[in-house]
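Shown next: model00.cif, given as mmCIF, C-alpha atoms and all ligand atoms.
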```cif
data_data
loop_
_atom_site.label_atom_id
_atom_site.label_comp_id
_atom_site.auth_asym_id
_atom_site.auth_seq_id
_atom_site.Cartn_x
_atom_site.Cartn_y
_atom_site.Cartn_z
CA MET A 1 -14.75 -86.60 1.25
CA SER A 2 -17.03 -85.03 -1.36
CA ALA A 3 -15.48 -83.18 -4.28
CA LEU A 4 -17.17 -80.01 -3.05
CA ALA A 5 -15.73 -80.32 0.47
CA ALA A 6 -12.29 -81.05 -1.00
CA GLU A 7 -12.55 -77.97 -3.17
CA ALA A 8 -12.92 -75.85 -0.04
CA LEU A 9 -9.30 -76.74 0.66
CA LEU A 10 -8.22 -74.79 -2.42
CA ASP A 11 -7.63 -71.05 -2.87
CA GLN A 12 -6.96 -70.48 0.82
CA PRO A 13 -5.47 -67.17 1.88
CA ASP A 14 -1.76 -67.26 2.77
CA LEU A 15 -0.84 -68.30 6.27
CA GLN A 16 -0.47 -65.18 8.38
CA PRO A 17 2.24 -64.62 10.99
CA ALA A 18 -0.55 -63.94 13.50
CA GLU A 19 -1.79 -67.50 12.96
CA VAL A 20 1.65 -68.89 13.82
CA VAL A 21 1.77 -66.67 16.91
CA GLU A 22 -1.65 -67.98 17.98
CA LEU A 23 -0.45 -71.53 17.35
CA GLU A 24 2.47 -70.93 19.71
CA GLN A 25 0.13 -69.43 22.29
CA LEU A 26 -2.10 -72.51 22.16
CA LEU A 27 0.78 -75.01 22.15
CA ALA A 28 2.35 -73.50 25.28
CA PRO A 29 -0.41 -74.51 27.75
CA THR A 30 -0.85 -77.88 26.02
CA LEU A 31 2.83 -78.66 26.72
CA ARG A 32 2.78 -76.61 29.92
CA THR A 33 5.79 -74.56 28.90
CA SER A 34 6.72 -70.92 28.67
CA GLY A 35 9.85 -71.71 26.67
CA SER A 36 10.43 -71.53 22.94
CA LEU A 37 8.58 -73.66 20.39
CA VAL A 38 9.71 -74.90 17.02
CA LEU A 39 7.21 -75.58 14.25
CA CYS A 40 8.08 -78.19 11.67
CA GLN A 41 6.48 -78.29 8.24
CA ALA A 42 6.35 -82.08 8.24
CA GLU A 43 5.04 -84.89 10.37
CA ALA A 44 6.47 -85.65 13.77
CA VAL A 45 8.77 -88.40 12.53
CA THR A 46 10.68 -85.78 10.53
CA LEU A 47 10.91 -83.49 13.54
CA LEU A 48 12.17 -86.37 15.67
CA GLU A 49 14.88 -86.97 13.07
CA ALA A 50 15.69 -83.24 13.12
CA VAL A 51 15.98 -83.27 16.91
CA ALA A 52 18.23 -86.35 16.95
CA SER A 53 20.42 -84.76 14.26
CA SER A 54 20.61 -81.46 16.16
CA VAL A 55 21.29 -82.41 19.78
CA ALA A 56 23.89 -85.10 19.12
CA GLY A 57 27.24 -85.32 17.41
CA PRO A 58 30.72 -86.80 17.82
CA GLY A 59 31.64 -86.68 21.50
CA ASN A 60 28.08 -86.98 22.83
CA ARG A 61 27.05 -90.04 24.79
CA VAL A 62 23.35 -90.72 24.55
CA LEU A 63 21.17 -93.17 26.44
CA ASN A 64 18.29 -94.05 24.12
CA VAL A 65 15.47 -95.76 26.00
CA VAL A 66 13.70 -98.00 23.49
CA THR A 67 10.13 -98.90 24.35
CA GLY A 68 8.94 -99.52 20.81
CA PRO A 69 9.57 -98.96 17.10
CA TYR A 70 9.95 -95.17 17.33
CA GLY A 71 12.76 -95.50 19.87
CA SER A 72 14.68 -97.81 17.52
CA LEU A 73 14.35 -95.27 14.72
CA PHE A 74 15.53 -92.51 17.04
CA GLY A 75 18.64 -94.53 17.95
CA GLY A 76 19.53 -94.87 14.27
CA TRP A 77 19.30 -91.13 13.71
CA LEU A 78 21.41 -90.47 16.81
CA ARG A 79 24.10 -92.90 15.67
CA ARG A 80 24.28 -91.26 12.25
CA THR A 81 25.53 -88.05 13.94
CA GLY A 82 28.64 -89.83 15.21
CA ALA A 83 27.43 -89.80 18.81
CA GLU A 84 28.02 -92.81 21.03
CA VAL A 85 24.56 -94.29 21.58
CA LEU A 86 23.44 -96.94 24.04
CA ASP A 87 20.02 -98.39 23.23
CA LEU A 88 18.38 -99.46 26.48
CA VAL A 89 15.65 -101.79 25.24
CA VAL A 90 12.99 -102.00 27.93
CA GLY A 91 10.01 -103.01 25.83
CA HIS A 92 6.64 -102.39 27.42
CA GLN A 93 7.68 -103.51 30.90
CA GLY A 94 8.68 -100.01 31.96
CA LEU A 95 11.95 -98.86 33.48
CA SER A 96 12.79 -98.48 37.16
CA GLU A 97 14.45 -95.31 38.42
CA THR A 98 17.35 -97.41 39.73
CA SER A 99 18.04 -99.04 36.35
CA PHE A 100 17.71 -95.68 34.62
CA ARG A 101 20.18 -94.05 37.03
CA GLU A 102 22.70 -96.84 36.48
CA ALA A 103 22.35 -96.68 32.70
CA LEU A 104 22.88 -92.90 32.77
CA LEU A 105 26.41 -93.25 34.13
CA GLY A 106 28.74 -91.32 31.80
CA MET A 107 25.89 -90.13 29.55
CA ASP A 108 25.18 -86.51 28.64
CA THR A 109 21.79 -87.04 26.98
CA ALA A 110 18.75 -89.26 27.50
CA ALA A 111 15.98 -89.94 24.98
CA LEU A 112 12.64 -91.31 26.15
CA THR A 113 9.21 -91.96 24.67
CA GLN A 114 6.36 -90.92 26.96
CA ALA A 115 3.77 -93.25 25.42
CA GLU A 116 3.79 -95.67 22.50
CA ALA A 117 0.85 -96.04 20.16
CA ALA A 118 2.30 -99.36 18.94
CA THR A 119 2.47 -101.06 22.34
CA GLY A 120 -0.12 -99.05 24.27
CA ALA A 121 2.43 -98.69 27.07
CA ASN A 122 3.88 -95.60 28.74
CA LEU A 123 6.79 -94.68 30.99
CA ASP A 124 6.63 -93.05 34.42
CA LEU A 125 8.17 -89.84 33.12
CA VAL A 126 7.78 -87.91 36.37
CA GLY A 127 10.06 -90.30 38.25
CA LEU A 128 12.52 -90.87 35.40
CA LEU A 129 12.90 -87.18 34.63
CA GLY A 130 13.55 -86.53 38.32
CA VAL A 131 16.55 -88.86 38.00
CA ALA A 132 17.63 -87.18 34.75
CA ARG A 133 17.55 -83.75 36.44
CA GLU A 134 19.65 -84.99 39.36
CA VAL A 135 22.22 -86.49 36.99
CA GLY A 136 22.09 -83.36 34.83
CA VAL A 137 21.65 -84.99 31.40
CA LEU A 138 19.88 -83.24 28.54
CA THR A 139 16.48 -84.89 27.99
CA VAL A 140 14.58 -85.49 24.76
CA VAL A 141 11.02 -86.80 24.98
CA ASP A 142 8.89 -88.18 22.15
CA ALA A 143 5.47 -87.05 23.37
CA VAL A 144 3.66 -87.56 20.05
CA ALA A 145 1.41 -90.33 21.32
CA ALA A 146 1.04 -88.79 24.78
CA ILE A 147 0.18 -85.17 24.06
CA GLY A 148 -3.47 -84.54 24.88
CA ALA A 149 -3.89 -88.02 26.36
CA GLU A 150 -1.50 -87.89 29.31
CA PRO A 151 -0.31 -84.79 31.12
CA ILE A 152 3.09 -83.44 30.19
CA ALA A 153 4.67 -80.54 32.08
CA VAL A 154 7.72 -79.52 30.06
CA ASP A 155 8.88 -76.75 32.40
CA ASP A 156 8.14 -78.41 35.75
CA TRP A 157 9.65 -81.72 34.68
CA GLY A 158 12.68 -80.03 33.16
CA ILE A 159 12.31 -81.58 29.68
CA ASP A 160 14.83 -80.06 27.27
CA VAL A 161 13.16 -81.10 24.03
CA ALA A 162 9.60 -82.45 23.74
CA VAL A 163 8.27 -83.39 20.31
CA ILE A 164 4.56 -83.54 19.55
CA GLY A 165 2.27 -84.06 16.58
CA GLY A 166 -1.39 -83.25 16.04
CA GLN A 167 -2.60 -86.59 14.73
CA LYS A 168 -3.16 -88.55 17.91
CA ALA A 169 -5.01 -87.27 20.99
CA LEU A 170 -5.20 -83.67 19.77
CA ALA A 171 -7.45 -84.88 16.92
CA GLY A 172 -5.59 -82.73 14.42
CA PRO A 173 -3.54 -83.15 11.25
CA ALA A 174 -0.41 -85.26 10.84
CA GLY A 175 1.36 -82.97 8.39
CA VAL A 176 2.96 -80.46 10.77
CA SER A 177 4.57 -80.97 14.16
CA ALA A 178 6.11 -78.98 16.98
CA ALA A 179 8.73 -79.15 19.70
CA ALA A 180 9.37 -77.33 22.95
CA VAL A 181 13.08 -76.49 23.19
CA SER A 182 14.78 -75.32 26.42
CA GLU A 183 17.52 -72.69 26.63
CA ARG A 184 19.98 -75.42 27.51
CA ALA A 185 18.99 -77.42 24.44
CA TRP A 186 19.46 -74.35 22.23
CA ARG A 187 22.99 -73.91 23.61
CA ARG A 188 23.74 -77.58 22.90
CA ILE A 189 22.43 -77.28 19.34
CA GLU A 190 24.19 -73.98 18.61
CA ASN A 191 27.47 -75.39 19.84
CA ASN A 192 27.06 -78.59 17.85
CA PRO A 193 28.97 -78.29 14.55
CA ALA A 194 27.12 -81.38 13.32
CA ALA A 195 23.65 -79.81 13.85
CA PRO A 196 21.88 -79.34 10.48
CA ARG A 197 21.86 -75.80 9.13
CA SER A 198 20.04 -74.65 5.98
CA SER A 199 18.31 -78.02 5.94
CA THR A 200 14.84 -79.51 6.29
CA LEU A 201 16.18 -81.10 9.47
CA SER A 202 17.41 -77.81 10.93
CA LEU A 203 16.01 -76.44 14.19
CA LEU A 204 18.45 -73.52 13.97
CA ASP A 205 16.79 -72.34 10.74
CA TRP A 206 13.52 -71.87 12.65
CA ALA A 207 15.34 -70.01 15.44
CA ASP A 208 16.95 -67.66 12.90
CA GLY A 209 13.97 -67.35 10.60
CA TRP A 210 11.22 -66.98 13.18
CA LEU A 211 12.09 -67.03 16.89
CA ARG A 212 14.71 -64.28 16.70
CA THR A 213 12.69 -62.09 14.34
CA ASP A 214 9.93 -59.55 14.78
CA HIS A 215 7.43 -62.17 13.53
CA SER A 216 6.49 -60.17 10.47
CA ARG A 217 7.29 -63.00 8.04
CA ILE A 218 6.96 -66.78 8.23
CA PRO A 219 10.16 -68.40 6.92
CA GLY A 220 9.95 -70.67 3.89
CA THR A 221 6.65 -71.69 2.33
CA PRO A 222 4.46 -72.95 5.15
CA SER A 223 1.94 -75.79 4.74
CA VAL A 224 -1.13 -73.60 4.90
CA LEU A 225 -3.73 -76.35 5.17
CA GLU A 226 -1.95 -78.44 7.75
CA THR A 227 -0.87 -75.52 9.92
CA ARG A 228 -4.36 -74.06 9.85
CA ALA A 229 -5.83 -77.47 10.71
CA LEU A 230 -3.49 -77.77 13.70
CA LEU A 231 -4.57 -74.31 14.81
CA ALA A 232 -8.23 -75.38 14.57
CA ALA A 233 -7.50 -78.57 16.53
CA LEU A 234 -5.71 -76.62 19.27
CA ARG A 235 -8.53 -74.07 19.48
CA ARG A 236 -10.93 -76.97 19.98
CA VAL A 237 -8.67 -78.44 22.67
CA GLN A 238 -8.48 -75.06 24.39
CA ALA A 239 -12.27 -74.67 24.26
CA GLU A 240 -12.73 -78.04 25.96
CA GLY A 241 -9.73 -77.55 28.26
CA VAL A 242 -6.48 -79.55 28.07
CA ASP A 243 -7.27 -81.20 31.41
CA ALA A 244 -10.70 -82.28 30.15
CA VAL A 245 -9.23 -83.72 26.94
CA GLU A 246 -6.69 -85.69 28.96
CA ARG A 247 -9.45 -86.90 31.30
CA ARG A 248 -11.51 -88.10 28.33
CA HIS A 249 -8.56 -90.24 27.23
CA ARG A 250 -8.17 -91.70 30.75
CA GLN A 251 -11.87 -92.49 30.76
CA ALA A 252 -11.63 -94.16 27.36
CA ARG A 253 -8.76 -96.30 28.63
CA ALA A 254 -10.65 -97.32 31.78
CA ALA A 255 -13.82 -98.09 29.82
CA THR A 256 -11.93 -100.13 27.23
CA VAL A 257 -10.01 -102.15 29.82
CA ALA A 258 -13.27 -102.91 31.68
CA ALA A 259 -15.06 -103.97 28.49
CA VAL A 260 -12.13 -106.11 27.31
CA ARG A 261 -12.16 -107.96 30.62
CA ALA A 262 -15.93 -108.36 30.55
CA LEU A 263 -15.51 -110.00 27.14
CA GLY A 264 -13.03 -112.48 28.62
CA MET A 265 -9.86 -110.93 27.17
CA HIS A 266 -6.84 -109.31 28.79
CA PRO A 267 -5.05 -105.98 28.38
CA TRP A 268 -1.58 -106.54 26.94
CA ALA A 269 0.30 -103.71 28.68
CA ALA A 270 0.83 -104.03 32.42
CA GLN A 271 -1.39 -102.33 34.99
CA GLY A 272 0.00 -98.88 35.75
CA ARG A 273 1.96 -98.79 32.47
CA ARG A 274 -1.04 -98.50 30.15
CA ALA A 275 -0.97 -95.50 27.85
CA ALA A 276 -4.10 -93.36 27.61
CA VAL A 277 -3.82 -93.04 23.83
CA CYS A 278 -4.80 -96.62 23.01
CA THR A 279 -5.36 -99.94 24.72
CA THR A 280 -3.55 -103.01 23.47
CA VAL A 281 -5.33 -106.32 24.00
CA ALA A 282 -3.64 -109.73 24.11
CA LEU A 283 -4.83 -111.81 21.15
CA PRO A 284 -6.93 -114.67 22.53
CA ASP A 285 -5.52 -118.13 21.80
CA PRO A 286 -6.88 -119.51 19.55
CA VAL A 287 -7.73 -116.32 17.68
CA PRO A 288 -11.54 -116.15 17.31
CA VAL A 289 -12.40 -116.61 13.62
CA GLY A 290 -14.35 -113.37 13.42
CA LEU A 291 -11.71 -111.16 15.03
CA PRO A 292 -9.22 -110.45 12.20
CA GLY A 293 -12.12 -109.29 10.01
CA VAL A 294 -13.00 -106.36 12.31
CA LEU A 295 -9.40 -105.12 12.68
CA GLN A 296 -8.33 -102.42 10.26
CA PRO A 297 -5.14 -100.36 10.35
CA GLY A 298 -5.91 -96.83 11.49
CA ALA A 299 -9.42 -97.69 12.70
CA LEU A 300 -10.68 -97.80 16.30
CA LEU A 301 -10.12 -101.56 16.26
CA ALA A 302 -6.74 -102.14 14.64
CA PRO A 303 -4.28 -105.01 14.30
CA GLY A 304 -0.89 -104.88 16.04
CA ASP A 305 1.96 -103.20 14.18
CA GLY A 306 4.57 -105.37 12.48
CA PRO A 307 5.86 -108.12 14.75
CA LEU A 308 3.22 -107.26 17.38
CA ALA A 309 0.42 -108.38 15.01
CA GLY A 310 0.73 -111.94 16.32
CA GLU A 311 0.48 -110.84 19.95
CA LEU A 312 -2.08 -108.10 20.28
CA PHE A 313 -4.69 -105.90 18.71
CA ARG A 314 -5.30 -102.25 19.47
CA VAL A 315 -8.24 -100.13 20.49
CA ASN A 316 -7.29 -96.67 19.23
CA HIS A 317 -9.46 -94.58 21.54
CA PHE A 318 -7.72 -91.28 20.84
CA GLY A 319 -8.80 -87.94 19.50
CA ARG A 320 -12.52 -87.92 18.65
CA ALA A 321 -12.63 -91.63 19.51
CA ALA A 322 -11.87 -90.82 23.17
CA ASP A 323 -15.60 -90.82 23.57
CA LEU A 324 -17.98 -93.17 25.41
CA ASP A 325 -20.21 -93.80 22.39
CA ALA A 326 -17.20 -94.56 20.19
CA VAL A 327 -15.85 -97.01 22.76
CA LEU A 328 -19.28 -98.67 23.14
CA GLY A 329 -19.54 -99.02 19.36
CA GLY A 330 -16.18 -100.81 19.45
CA VAL A 331 -17.44 -103.06 22.26
CA ASP A 332 -20.43 -104.15 20.14
CA ARG A 333 -18.22 -104.95 17.17
CA LEU A 334 -15.80 -106.89 19.37
CA ALA A 335 -18.59 -108.90 21.02
CA GLY A 336 -19.90 -109.75 17.54
CA ALA A 337 -16.45 -110.68 16.27
CA LEU A 338 -15.86 -112.95 19.27
CA GLY A 339 -19.16 -114.70 18.57
CA VAL A 340 -20.63 -113.58 21.90
CA PRO A 341 -23.03 -110.78 20.93
CA ALA A 342 -25.12 -111.62 24.01
CA ASN A 343 -22.19 -110.49 26.22
CA SER A 344 -22.20 -107.05 24.68
CA ASP A 345 -24.65 -105.61 27.22
CA ALA A 346 -22.57 -106.64 30.22
CA ALA A 347 -19.40 -105.32 28.55
CA ARG A 348 -21.14 -102.04 27.71
CA GLN A 349 -22.26 -101.71 31.30
CA ALA A 350 -18.76 -102.37 32.62
CA ALA A 351 -17.36 -99.81 30.19
CA THR A 352 -19.93 -97.17 31.09
CA GLN A 353 -19.37 -97.66 34.81
CA ALA A 354 -15.58 -97.45 34.43
CA TRP A 355 -15.93 -94.30 32.32
CA GLU A 356 -18.09 -92.65 34.98
CA GLU A 357 -15.81 -93.66 37.85
CA THR A 358 -12.69 -92.26 36.20
CA GLY A 359 -11.76 -88.70 37.06
C1 LIG A 401 2.45 -92.01 16.38
C2 LIG A 401 3.78 -91.79 16.95
C3 LIG A 401 4.71 -90.97 16.31
C4 LIG A 401 4.44 -90.30 15.00
O1 LIG A 401 4.35 -91.22 13.99
P1 LIG A 401 3.64 -90.82 12.63
O2 LIG A 401 4.14 -91.89 11.72
O3 LIG A 401 4.09 -89.44 12.31
O4 LIG A 401 2.18 -90.89 12.92
C5 LIG A 401 5.94 -90.79 16.91
N1 LIG A 401 6.23 -91.36 18.09
C6 LIG A 401 5.37 -92.13 18.74
C7 LIG A 401 5.76 -92.73 20.04
C8 LIG A 401 4.11 -92.39 18.20
O5 LIG A 401 3.26 -93.18 18.84
#
```
Starting from the file, lay out its structure as structure tokens.
Amino acid sequence: MSALAAEALLDQPDLQPAEVVELEQLLAPTLRTSGSLVLCQAEAVTLLEAVASSVAGPGNRVLNVVTGPYGSLFGGWLRRTGAEVLDLVVGHQGLSETSFREALLGMDTAALTQAEAATGANLDLVGLLGVAREVGVLTVVDAVAAIGAEPIAVDDWGIDVAVIGGQKALAGPAGVSAAAVSERAWRRIENNPAAPRSSTLSLLDWADGWLRTDHSRIPGTPSVLETRALLAALRRVQAEGVDAVERRHRQARAATVAAVRALGMHPWAAQGRRAAVCTTVALPDPVPVGLPGVLQPGALLAPGDGPLAGELFRVNHFGRAADLDAVLGGVDRLAGALGVPANSDAARQAATQAWEETG
């Protein structure tokens, strides 16, 4: 960024309560909820820690469905509260409703991740949350990687707490995050003596300082730049339409899968369990010499995270990269890296056709 553009970030007017109200109004249809929303002045990982610390405590029994690294972190935060936590490690294979129902026996809370950016896999939340509603457990969903890429219907699906961030499919900033919190979840948190109060990890502070007020004053010192950037991102999502943004991510997934196949490689996540936020691709064996050189953390073409680096690479087609031209650019670079630039045209054609056929 140029020094001049960076300077535009300085001397901004204070964040106005009306901007926070507008943020809430734009978040509601994105999460499809009419319930209360909590804003967090930190990235989603902090809010996830705040949620784990708030909903659980000694006496709670929590089923933590682990589909990737974020689920493991969440289990650690839950355990720290003194709750009894069962980590159900299901990896990227998905979880059947029958297994979920069995694992929920004796539990009062279930934590699930809708989609994982690390594995490129998702869960069938509609079915699983149907089971959770029948059993009556409180549900917490990490929707950070799903929001904007895959539909989420907080109210209809009966999700008690859904955490989101701006930095993935919403094409916004990473520095602030938000959660939808149901009435039932508020009762759980209020009655939990272990729930943080007067703390960075407190949800109750936001309830007292904002939700239950006349909205004339924003509590604390808000992150002006990040909050304003999230507002701008949500306005852009609203202008395009949440459904259209989600469709663009489905199209990017379909186009990427088609191109990957046309280049002789295979998607890593199973059919039907592929997240719309990014596509993971099984590393060819042997690894083509040119491939590692085109993979960069955080870029469209990125290596696998941690232990997954030896198994897969990622095509991060989210946010502004959920775009046909962006995907086709990635296809060209991949064809070059694989040493088959002549196959690029066929892969581009497959990608374009899949994009157009995806509704
Ligand atoms: C990306 C992501 C987050 C947020 O991680 P950051 O480090 O804040 O980007 C949380 N949960 C899941 C499942 C994610 O994919």
Select the residues contacting ligand LIG 401 (chain A) at a distance of at most 10 Å, based on only C-alpha atoms and all ligand atoms, then format the selection as a short mmCIF file (atom, residue, chain, number, x, y, z; two decimals) with C-alpha atoms, in the frame of the given file.
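Listed below is the output, pocket.cif:
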```cif
data_model
loop_
_atom_site.label_atom_id
_atom_site.label_comp_id
_atom_site.auth_asym_id
_atom_site.auth_seq_id
_atom_site.Cartn_x
_atom_site.Cartn_y
_atom_site.Cartn_z
CA ALA A 42 6.35 -82.08 8.24
CA GLU A 43 5.04 -84.89 10.37
CA ALA A 44 6.47 -85.65 13.77
CA VAL A 45 8.77 -88.40 12.53
CA THR A 46 10.68 -85.78 10.53
CA LEU A 47 10.91 -83.49 13.54
CA LEU A 48 12.17 -86.37 15.67
CA THR A 67 10.13 -98.90 24.35
CA GLY A 68 8.94 -99.52 20.81
CA PRO A 69 9.57 -98.96 17.10
CA TYR A 70 9.95 -95.17 17.33
CA GLY A 71 12.76 -95.50 19.87
CA LEU A 73 14.35 -95.27 14.72
CA PHE A 74 15.53 -92.51 17.04
CA LEU A 112 12.64 -91.31 26.15
CA THR A 113 9.21 -91.96 24.67
CA GLN A 114 6.36 -90.92 26.96
CA ALA A 115 3.77 -93.25 25.42
CA GLU A 116 3.79 -95.67 22.50
CA ALA A 117 0.85 -96.04 20.16
CA ALA A 118 2.30 -99.36 18.94
CA THR A 119 2.47 -101.06 22.34
CA GLY A 120 -0.12 -99.05 24.27
CA ALA A 121 2.43 -98.69 27.07
CA ASN A 122 3.88 -95.60 28.74
CA VAL A 141 11.02 -86.80 24.98
CA ASP A 142 8.89 -88.18 22.15
CA ALA A 143 5.47 -87.05 23.37
CA VAL A 144 3.66 -87.56 20.05
CA ALA A 145 1.41 -90.33 21.32
CA ALA A 146 1.04 -88.79 24.78
CA VAL A 163 8.27 -83.39 20.31
CA ILE A 164 4.56 -83.54 19.55
CA GLY A 165 2.27 -84.06 16.58
CA GLY A 166 -1.39 -83.25 16.04
CA GLN A 167 -2.60 -86.59 14.73
CA LYS A 168 -3.16 -88.55 17.91
CA ALA A 169 -5.01 -87.27 20.99
CA PRO A 173 -3.54 -83.15 11.25
CA ALA A 174 -0.41 -85.26 10.84
CA GLY A 175 1.36 -82.97 8.39
CA VAL A 176 2.96 -80.46 10.77
CA SER A 177 4.57 -80.97 14.16
CA VAL A 277 -3.82 -93.04 23.83
CA CYS A 278 -4.80 -96.62 23.01
#
```
Could you check how far atom CA of Glu226 of chain A sits from atom CA of Leu204 of chain A, in Å to one decimal?
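Spanning atom CA of Glu226 of chain A to atom CA of Leu204 of chain A is a straight-line distance of 21.9 Å.
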If I put a ball of radius 8 Å at (15.4, -94.2, 35.9) in the file's coordinates, which residues poke into it when counting all atoms listed in the file, written as JSON, numbers by chain?
{"A": [95, 96, 97, 98, 99, 100, 101, 102, 127, 128, 129, 131, 132]}
Selected residues written out with C-alpha atoms, as a PDB file, in the frame of the given file:
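Final file, out-v9.pdb:
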```
ATOM      1  CA  LEU A  95      11.950 -98.860  33.480  1.00  0.00           C
ATOM      2  CA  SER A  96      12.790 -98.480  37.160  1.00  0.00           C
ATOM      3  CA  GLU A  97      14.450 -95.310  38.420  1.00  0.00           C
ATOM      4  CA  THR A  98      17.350 -97.410  39.730  1.00  0.00           C
ATOM      5  CA  SER A  99      18.040 -99.040  36.350  1.00  0.00           C
ATOM      6  CA  PHE A 100      17.710 -95.680  34.620  1.00  0.00           C
ATOM      7  CA  ARG A 101      20.180 -94.050  37.030  1.00  0.00           C
ATOM      8  CA  GLU A 102      22.700 -96.840  36.480  1.00  0.00           C
ATOM      9  CA  GLY A 127      10.060 -90.300  38.250  1.00  0.00           C
ATOM     10  CA  LEU A 128      12.520 -90.870  35.400  1.00  0.00           C
ATOM     11  CA  LEU A 129      12.900 -87.180  34.630  1.00  0.00           C
ATOM     12  CA  VAL A 131      16.550 -88.860  38.000  1.00  0.00           C
ATOM     13  CA  ALA A 132      17.630 -87.180  34.750  1.00  0.00           C
TER      14      ALA A 132
END
```
Taking a cut-off of 12 Å and counting all atoms listed in the file, can you build a table that, for each residue of segment 298-320 of chain A near segment 260-274 of chain A, reports the nearest atom pair and how far apart they are in Å (one decimal), sorted by chain then residue number, as a Markdown table?
```
| residue | atom | partner | partner_atom | distance |
| --- | --- | --- | --- | --- |
| A:Gly304 | CA | A:Trp268 | CA | 11.0 |
| A:Leu308 | CA | A:Trp268 | CA | 10.7 |
| A:Glu311 | CA | A:Trp268 | CA | 8.5 |
| A:Leu312 | CA | A:Trp268 | CA | 6.9 |
| A:Phe313 | CA | A:Trp268 | CA | 8.8 |
| A:Arg314 | CA | A:Trp268 | CA | 9.4 |
| A:Val315 | CA | A:Val260 | CA | 9.9 |
```
For Gln93 of chain A, the nearest of the candidates A:Val289, A:Val66, A:Val257, A:Leu31, counting all atoms listed in the file
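The closest residue to Gln93 of chain A is A:Val66.
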Under the rule that only C-alpha atoms are counted, which of A:Ala351, A:Leu234, A:Ala52, A:Ile152 is the nearest residue to Asp323 of chain A?
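Residue with the minimum atom-to-atom distance to Asp323 of chain A: A:Ala351.
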Report, in Å to a single decimal, how far apart atom CA of Leu37 of chain A and atom CA of Asn64 of chain A are.
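A separation of 22.9 Å between them.
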If I take atom CA of Leu138 of chain A and atom CA of Asp108 of chain A, how far is one from the other in Å, to one decimal?
6.2 Å
Shortest interatomic distance to Gly241 of chain A - which of A:Gly339, A:Gly76, A:Gly148, A:Gly130, counting all atoms listed in the file:
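Among the listed residues, A:Gly148 lies closest to Gly241 of chain A.
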Between A:Leu283, A:Val294, A:Ala302, A:Ala354, which is the closest to Arg333 of chain A once you count only C-alpha atoms?
A:Val294
Close residues, segment 11-24 of chain A itself excluded, 9 Å, all atoms listed in the file, min 5 positions apart in chain, as a list in words:
Ser36, Leu37, Val38, Leu39, His215, Ser216, Arg217, Ile218, Pro222, Ser223, Val224, Leu225, Thr227, Arg228, Leu230, Leu231, Leu234 and Arg235 of chain A
Under the rule that only C-alpha atoms are counted, which of A:Ala299, A:Ala337, A:Ala326, A:Ala8 is the nearest residue to Val287 of chain A?
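Nearest candidate to Val287 of chain A out of A:Ala299, A:Ala337, A:Ala326, A:Ala8: A:Ala337.
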Please export segment 137-145 of chain A as a PDB file, in the first residue's frame, restricted to N, CA, C and O atoms.
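Result file out.pdb:
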```pdb
ATOM      1  N   VAL A 137     -29.927 -29.936  23.080  1.00  0.00           N
ATOM      2  CA  VAL A 137     -28.653 -29.358  23.533  1.00  0.00           C
ATOM      3  C   VAL A 137     -28.486 -27.936  22.992  1.00  0.00           C
ATOM      4  O   VAL A 137     -29.021 -27.581  21.954  1.00  0.00           O
ATOM      5  N   LEU A 138     -27.721 -27.149  23.732  1.00  0.00           N
ATOM      6  CA  LEU A 138     -27.327 -25.815  23.284  1.00  0.00           C
ATOM      7  C   LEU A 138     -26.269 -25.997  22.184  1.00  0.00           C
ATOM      8  O   LEU A 138     -25.369 -26.811  22.325  1.00  0.00           O
ATOM      9  N   THR A 139     -26.390 -25.223  21.095  1.00  0.00           N
ATOM     10  CA  THR A 139     -25.458 -25.411  19.976  1.00  0.00           C
ATOM     11  C   THR A 139     -24.605 -24.173  19.732  1.00  0.00           C
ATOM     12  O   THR A 139     -25.096 -23.041  19.741  1.00  0.00           O
ATOM     13  N   VAL A 140     -23.321 -24.423  19.520  1.00  0.00           N
ATOM     14  CA  VAL A 140     -22.367 -23.369  19.178  1.00  0.00           C
ATOM     15  C   VAL A 140     -21.769 -23.729  17.822  1.00  0.00           C
ATOM     16  O   VAL A 140     -21.295 -24.853  17.636  1.00  0.00           O
ATOM     17  N   VAL A 141     -21.803 -22.797  16.885  1.00  0.00           N
ATOM     18  CA  VAL A 141     -21.285 -23.071  15.546  1.00  0.00           C
ATOM     19  C   VAL A 141     -20.198 -22.058  15.189  1.00  0.00           C
ATOM     20  O   VAL A 141     -20.414 -20.845  15.280  1.00  0.00           O
ATOM     21  N   ASP A 142     -19.042 -22.566  14.793  1.00  0.00           N
ATOM     22  CA  ASP A 142     -17.986 -21.735  14.225  1.00  0.00           C
ATOM     23  C   ASP A 142     -18.300 -21.611  12.732  1.00  0.00           C
ATOM     24  O   ASP A 142     -18.113 -22.552  11.963  1.00  0.00           O
ATOM     25  N   ALA A 143     -18.830 -20.444  12.365  1.00  0.00           N
ATOM     26  CA  ALA A 143     -19.223 -20.218  10.963  1.00  0.00           C
ATOM     27  C   ALA A 143     -18.268 -19.246  10.274  1.00  0.00           C
ATOM     28  O   ALA A 143     -18.603 -18.666   9.241  1.00  0.00           O
ATOM     29  N   VAL A 144     -17.065 -19.093  10.826  1.00  0.00           N
ATOM     30  CA  VAL A 144     -16.123 -18.094  10.301  1.00  0.00           C
ATOM     31  C   VAL A 144     -15.779 -18.368   8.834  1.00  0.00           C
ATOM     32  O   VAL A 144     -15.781 -17.461   8.002  1.00  0.00           O
ATOM     33  N   ALA A 145     -15.500 -19.637   8.529  1.00  0.00           N
ATOM     34  CA  ALA A 145     -15.102 -19.965   7.163  1.00  0.00           C
ATOM     35  C   ALA A 145     -16.315 -20.167   6.257  1.00  0.00           C
ATOM     36  O   ALA A 145     -16.179 -20.228   5.034  1.00  0.00           O
TER      37      ALA A 145
END
```
